[in-house]
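A short write-up of the structure that comes next.
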Amino acid sequence: MSSMWVLETPQPPPDARIAYGEAPQQFTELRKPKGKGPHPVVLFVHGGFWRAEYGLEHAGHLCADLTKRGFATWSLEYRRVGQDGGGFPGTLEDVASAADHLMSAAPSLGLDLSNVVAMGHSAGGHLAMWLAARHRLPPKHPLYRDAPLKLKGVVSLAGVLDLAQGAELDLGNGIVKTFMGGTQEQVPERYAVASPAALQPLKLPQVLLHGTEDDTVPLKVSEGFHARGIQQKDPVHLVPLKGAGHFELIDPRSKEWPRVVQAVKNLR
């Protein structure tokens, strides 16, 4: 079974596309279970190393699976590297706006705002964890938002949780430096507000799932984040997935997928 299936197979269509801004990339895809609700929500952020060529389409498979299991899904699209406004800070501004748009949209859509879990894969794991960490930003920083969307917890699927480490490891052929506009030494003030590792402790439940054989984002990225969180008495849990690579975590046909579903259910 090829784990690339999710990238190569057309996604099931969403129930709705909802704009949160004027740029063509500023929209979310909503999928809802049957029934009136209010439904618990998984806010999903796709990966692809923040690059323009990877959109949210491949996330449709896992979102559809979660919806069959009773979760509404709010899948975020955002401006990426190679698109006007993509990279730091535009990408972060977009995921913040897309997440907070859920607060105004939820009542009419039958969504339960008291039961929202953020989840993201790879670079989307970075962005989902950043959404969970942004309450730690200095109030005077341009990325700070008063009263952001409250999350019950966050699930990282092979997330790039430490941007400085990601740059040092040259992940994605140097994409972290491109995304951030430089190294940590060159733009330390950017890394201080954009890297979840720099914003620990997050003080909300976090589950990190990561394949032991991941050669795209190595397991040690999650291990380091987990170790720092534990040291700071943060509620963070690491789930190493033995033998798994990078894409099994977002493939609802994989043997690892039930562990992902369980992580979401445990945060409800």
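Residues in the structure tokens are numbered from 1 in each chain, the chains being A, B, ... in the order shown, and ligands are numbered from 1 in the order shown.
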
Shell of 10 Å around A:Val193, only C-alpha atoms, local chain residues under 2 positions omitted, as an mmCIF file with C-alpha atoms, in the first residue's frame:
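Saved as out_39.cif:
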```cif
data_model
loop_
_atom_site.group_PDB
_atom_site.id
_atom_site.type_symbol
_atom_site.label_atom_id
_atom_site.label_comp_id
_atom_site.auth_asym_id
_atom_site.auth_seq_id
_atom_site.Cartn_x
_atom_site.Cartn_y
_atom_site.Cartn_z
ATOM 1 C CA PRO A 89 4.307 36.421 8.733
ATOM 2 C CA TRP A 130 1.519 27.453 16.820
ATOM 3 C CA ALA A 133 0.802 28.412 21.466
ATOM 4 C CA ARG A 134 -0.130 31.877 20.214
ATOM 5 C CA ARG A 136 1.903 33.024 24.713
ATOM 6 C CA LEU A 137 2.847 35.795 22.279
ATOM 7 C CA PRO A 138 3.704 39.222 23.709
ATOM 8 C CA HIS A 141 3.346 41.772 18.881
ATOM 9 C CA LEU A 143 0.699 38.410 15.499
ATOM 10 C CA TYR A 144 -0.977 38.617 18.919
ATOM 11 C CA PRO A 188 15.939 35.699 16.019
ATOM 12 C CA GLU A 189 12.873 37.825 16.742
ATOM 13 C CA ARG A 190 10.911 35.891 14.087
ATOM 14 C CA TYR A 191 11.815 32.478 15.449
ATOM 15 C CA SER A 195 8.411 28.448 16.588
ATOM 16 C CA PRO A 196 6.219 26.468 19.013
ATOM 17 C CA ALA A 197 9.397 25.297 20.770
ATOM 18 C CA ALA A 198 10.195 28.921 21.625
ATOM 19 C CA LEU A 199 6.704 29.370 23.137
#
```

Would you pick out the contacts of A:Leu62 at 10 Å or less, using only C-alpha atoms, so that residues sharing its chain but fewer than 6 positions from it are not included, and give the list as a list of chain:residue names? A:Val6, A:Gln11, A:Pro12, A:Phe44, A:Lys68, A:Thr73, A:Leu249, A:Ile250, A:Asp251, A:Pro252, A:Arg253, A:Trp257, A:Val261

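Taking atom CA of A:Gly82 and atom CA of A:Thr178 as the two end points, the separation is 9.8 Å.
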
To test your reading of the structure, identify every residue in stretch 1-191 of chain A that backbone DSSP assigns to strand (DSSP E or B), and report it as a ChimeraX atom specification. /A:16-19,27-31,39-45,51,72-76,81,111-121,153-157

A:Met4: which residues within 9 Å, counting only C-alpha atoms, same-chain residues fewer than 5 positions away excluded, as a VMD selection string? chain A and resid 9 247 to 248 251

Excluding A:Arg69 and residues on its chain fewer than 3 positions from it, collect all residues at most 12 Å away from it, counting only C-alpha atoms, and give them as a VMD selection string. chain A and resid 31 to 34 39 to 42 62 to 66 72 to 73 252 258 261 to 262 264 to 265

Any idea what's packed within 10 Å of A:Leu163, counting only C-alpha atoms, ignoring anything in its chain fewer than 6 positions away? Could you give it as a list in words? Ala123, His126, Leu169, Leu171, Val176, Lys177, Phe179, Met180, Thr183, Gln184, Tyr191, Ala192, Ala194, Ser195, Pro196, Ala197, Ala198 and Val221 of chain A

Contact residues around stretch 208-217 of chain A with only C-alpha atoms at 6 Å, ignoring same-chain residues under 4 positions, as a ChimeraX atom specification: /A:155-158,238-246

Please write the residues from the selection above to a file, keeping N, CA, C and O atoms, as an mmCIF file, in the first residue's frame.
```cif
data_model
loop_
_atom_site.group_PDB
_atom_site.id
_atom_site.type_symbol
_atom_site.label_atom_id
_atom_site.label_comp_id
_atom_site.auth_asym_id
_atom_site.auth_seq_id
_atom_site.Cartn_x
_atom_site.Cartn_y
_atom_site.Cartn_z
ATOM 1 N N VAL A 155 -3.069 17.987 18.246
ATOM 2 C CA VAL A 155 -2.411 16.754 17.815
ATOM 3 C C VAL A 155 -1.436 17.104 16.701
ATOM 4 O O VAL A 155 -1.822 17.665 15.669
ATOM 5 N N SER A 156 -0.170 16.784 16.924
ATOM 6 C CA SER A 156 0.860 17.010 15.911
ATOM 7 C C SER A 156 1.205 15.690 15.240
ATOM 8 O O SER A 156 1.543 14.709 15.924
ATOM 9 N N LEU A 157 1.102 15.651 13.925
ATOM 10 C CA LEU A 157 1.460 14.463 13.143
ATOM 11 C C LEU A 157 2.787 14.762 12.438
ATOM 12 O O LEU A 157 2.815 15.485 11.438
ATOM 13 N N ALA A 158 3.886 14.278 13.009
ATOM 14 C CA ALA A 158 5.226 14.518 12.437
ATOM 15 C C ALA A 158 5.469 16.009 12.218
ATOM 16 O O ALA A 158 5.943 16.436 11.169
ATOM 17 N N LEU A 238 4.024 11.900 23.918
ATOM 18 C CA LEU A 238 4.653 11.470 22.664
ATOM 19 C C LEU A 238 4.251 10.037 22.345
ATOM 20 O O LEU A 238 4.318 9.156 23.204
ATOM 21 N N VAL A 239 3.828 9.808 21.082
ATOM 22 C CA VAL A 239 3.457 8.468 20.621
ATOM 23 C C VAL A 239 4.333 8.106 19.416
ATOM 24 O O VAL A 239 4.021 8.471 18.279
ATOM 25 N N PRO A 240 5.472 7.420 19.641
ATOM 26 C CA PRO A 240 6.285 6.981 18.503
ATOM 27 C C PRO A 240 5.577 5.819 17.790
ATOM 28 O O PRO A 240 5.110 4.883 18.444
ATOM 29 N N LEU A 241 5.488 5.897 16.482
ATOM 30 C CA LEU A 241 4.804 4.863 15.704
ATOM 31 C C LEU A 241 5.855 4.000 15.033
ATOM 32 O O LEU A 241 6.483 4.406 14.040
ATOM 33 N N LYS A 242 6.059 2.813 15.585
ATOM 34 C CA LYS A 242 7.164 1.948 15.158
ATOM 35 C C LYS A 242 7.041 1.546 13.703
ATOM 36 O O LYS A 242 6.005 1.057 13.272
ATOM 37 N N GLY A 243 8.091 1.820 12.937
ATOM 38 C CA GLY A 243 8.152 1.417 11.538
ATOM 39 C C GLY A 243 7.469 2.363 10.562
ATOM 40 O O GLY A 243 7.553 2.177 9.350
ATOM 41 N N ALA A 244 6.782 3.373 11.072
ATOM 42 C CA ALA A 244 6.026 4.278 10.193
ATOM 43 C C ALA A 244 6.926 5.363 9.613
ATOM 44 O O ALA A 244 7.877 5.817 10.251
ATOM 45 N N GLY A 245 6.585 5.792 8.386
ATOM 46 C CA GLY A 245 7.262 6.901 7.747
ATOM 47 C C GLY A 245 6.484 8.196 7.956
ATOM 48 O O GLY A 245 5.886 8.406 9.013
ATOM 49 N N HIS A 246 6.453 9.026 6.913
ATOM 50 C CA HIS A 246 5.893 10.374 7.053
ATOM 51 C C HIS A 246 4.413 10.460 6.701
ATOM 52 O O HIS A 246 3.673 11.206 7.325
#
```

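Distance annotation: of A:Ala227, A:Leu204, A:Ala23, A:Ala263, the residue with the minimal separation from A:Met129 is A:Leu204; atom set is only C-alpha atoms.
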
DSSP says alpha helix (DSSP H) for which residues of stretch 59-176 of chain A? Put them as an MDAnalysis selection string? chainID A and resid 60:68 90:109 123:133 163:168 175:176

When distances are computed from only C-alpha atoms, which of A:Gly60, A:Gly110, A:Gly182, A:Gly86 shows the smallest separation from A:Ala164?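 Of A:Gly60, A:Gly110, A:Gly182, A:Gly86, the one nearest A:Ala164 is A:Gly182, counting only C-alpha atoms.
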
Which of these residues is nearest to A:Pro38, using only C-alpha atoms: A:Pro139, A:Gly174, A:Pro201, A:Pro107? A:Pro107

Considering only C-alpha atoms, can you say which of A:Ala118, A:Leu109, A:Leu102, A:Leu161 comes closest to A:Leu43?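 Comparing A:Ala118, A:Leu109, A:Leu102, A:Leu161 against A:Leu43, the winner is A:Ala118.
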
Which residues come within 9 Å of stretch 75-77 of chain A, counting only C-alpha atoms, excluding same-chain residues fewer than 5 positions away, as a list of chain:residue names? A:Gln25, A:Gln26, A:Phe27, A:Thr28, A:Glu29, A:Leu30, A:Arg31, A:Val42, A:Leu43, A:Phe44, A:Val45, A:His46, A:Gly55, A:Leu56, A:Ala59, A:Gly60, A:Cys63, A:Asp94, A:Val95, A:Ala98, A:Ala99

Please write the residues from the selection above to a file, keeping C-alpha atoms, as a PDB file, in the first residue's frame.
```
ATOM      1  CA  GLN A  25      -5.895  30.843  -0.770  1.00  0.00           C
ATOM      2  CA  GLN A  26      -7.846  32.285   2.168  1.00  0.00           C
ATOM      3  CA  PHE A  27     -10.589  29.714   2.613  1.00  0.00           C
ATOM      4  CA  THR A  28     -11.505  26.686   4.700  1.00  0.00           C
ATOM      5  CA  GLU A  29     -13.226  23.453   3.769  1.00  0.00           C
ATOM      6  CA  LEU A  30     -16.038  22.274   6.017  1.00  0.00           C
ATOM      7  CA  ARG A  31     -17.281  18.713   6.353  1.00  0.00           C
ATOM      8  CA  VAL A  42     -11.223  18.975  14.268  1.00  0.00           C
ATOM      9  CA  LEU A  43      -9.443  22.006  12.863  1.00  0.00           C
ATOM     10  CA  PHE A  44      -6.932  20.524  10.403  1.00  0.00           C
ATOM     11  CA  VAL A  45      -3.842  22.208   8.936  1.00  0.00           C
ATOM     12  CA  HIS A  46      -2.229  20.467   5.960  1.00  0.00           C
ATOM     13  CA  GLY A  55      -2.559  22.561  -1.132  1.00  0.00           C
ATOM     14  CA  LEU A  56      -5.212  21.157   1.174  1.00  0.00           C
ATOM     15  CA  ALA A  59      -6.192  16.332   3.513  1.00  0.00           C
ATOM     16  CA  GLY A  60      -9.716  15.662   2.228  1.00  0.00           C
ATOM     17  CA  CYS A  63     -11.156  14.849   6.981  1.00  0.00           C
ATOM     18  CA  ASP A  94      -3.781  33.320   7.648  1.00  0.00           C
ATOM     19  CA  VAL A  95      -4.006  30.281   9.926  1.00  0.00           C
ATOM     20  CA  ALA A  98      -8.961  30.920   9.516  1.00  0.00           C
ATOM     21  CA  ALA A  99      -9.067  29.496  13.034  1.00  0.00           C
TER      22      ALA A  99
END
```

To one decimal place in Å, what is the distance between atom CA of A:Gln232 and atom CA of A:Ala132?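 If I compute the distance from atom CA of A:Gln232 to atom CA of A:Ala132, I get 16.2 Å.
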
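One distance worth recording is that between atom CA of A:Leu202 and atom CA of A:Gly87, which is 23.1 Å.
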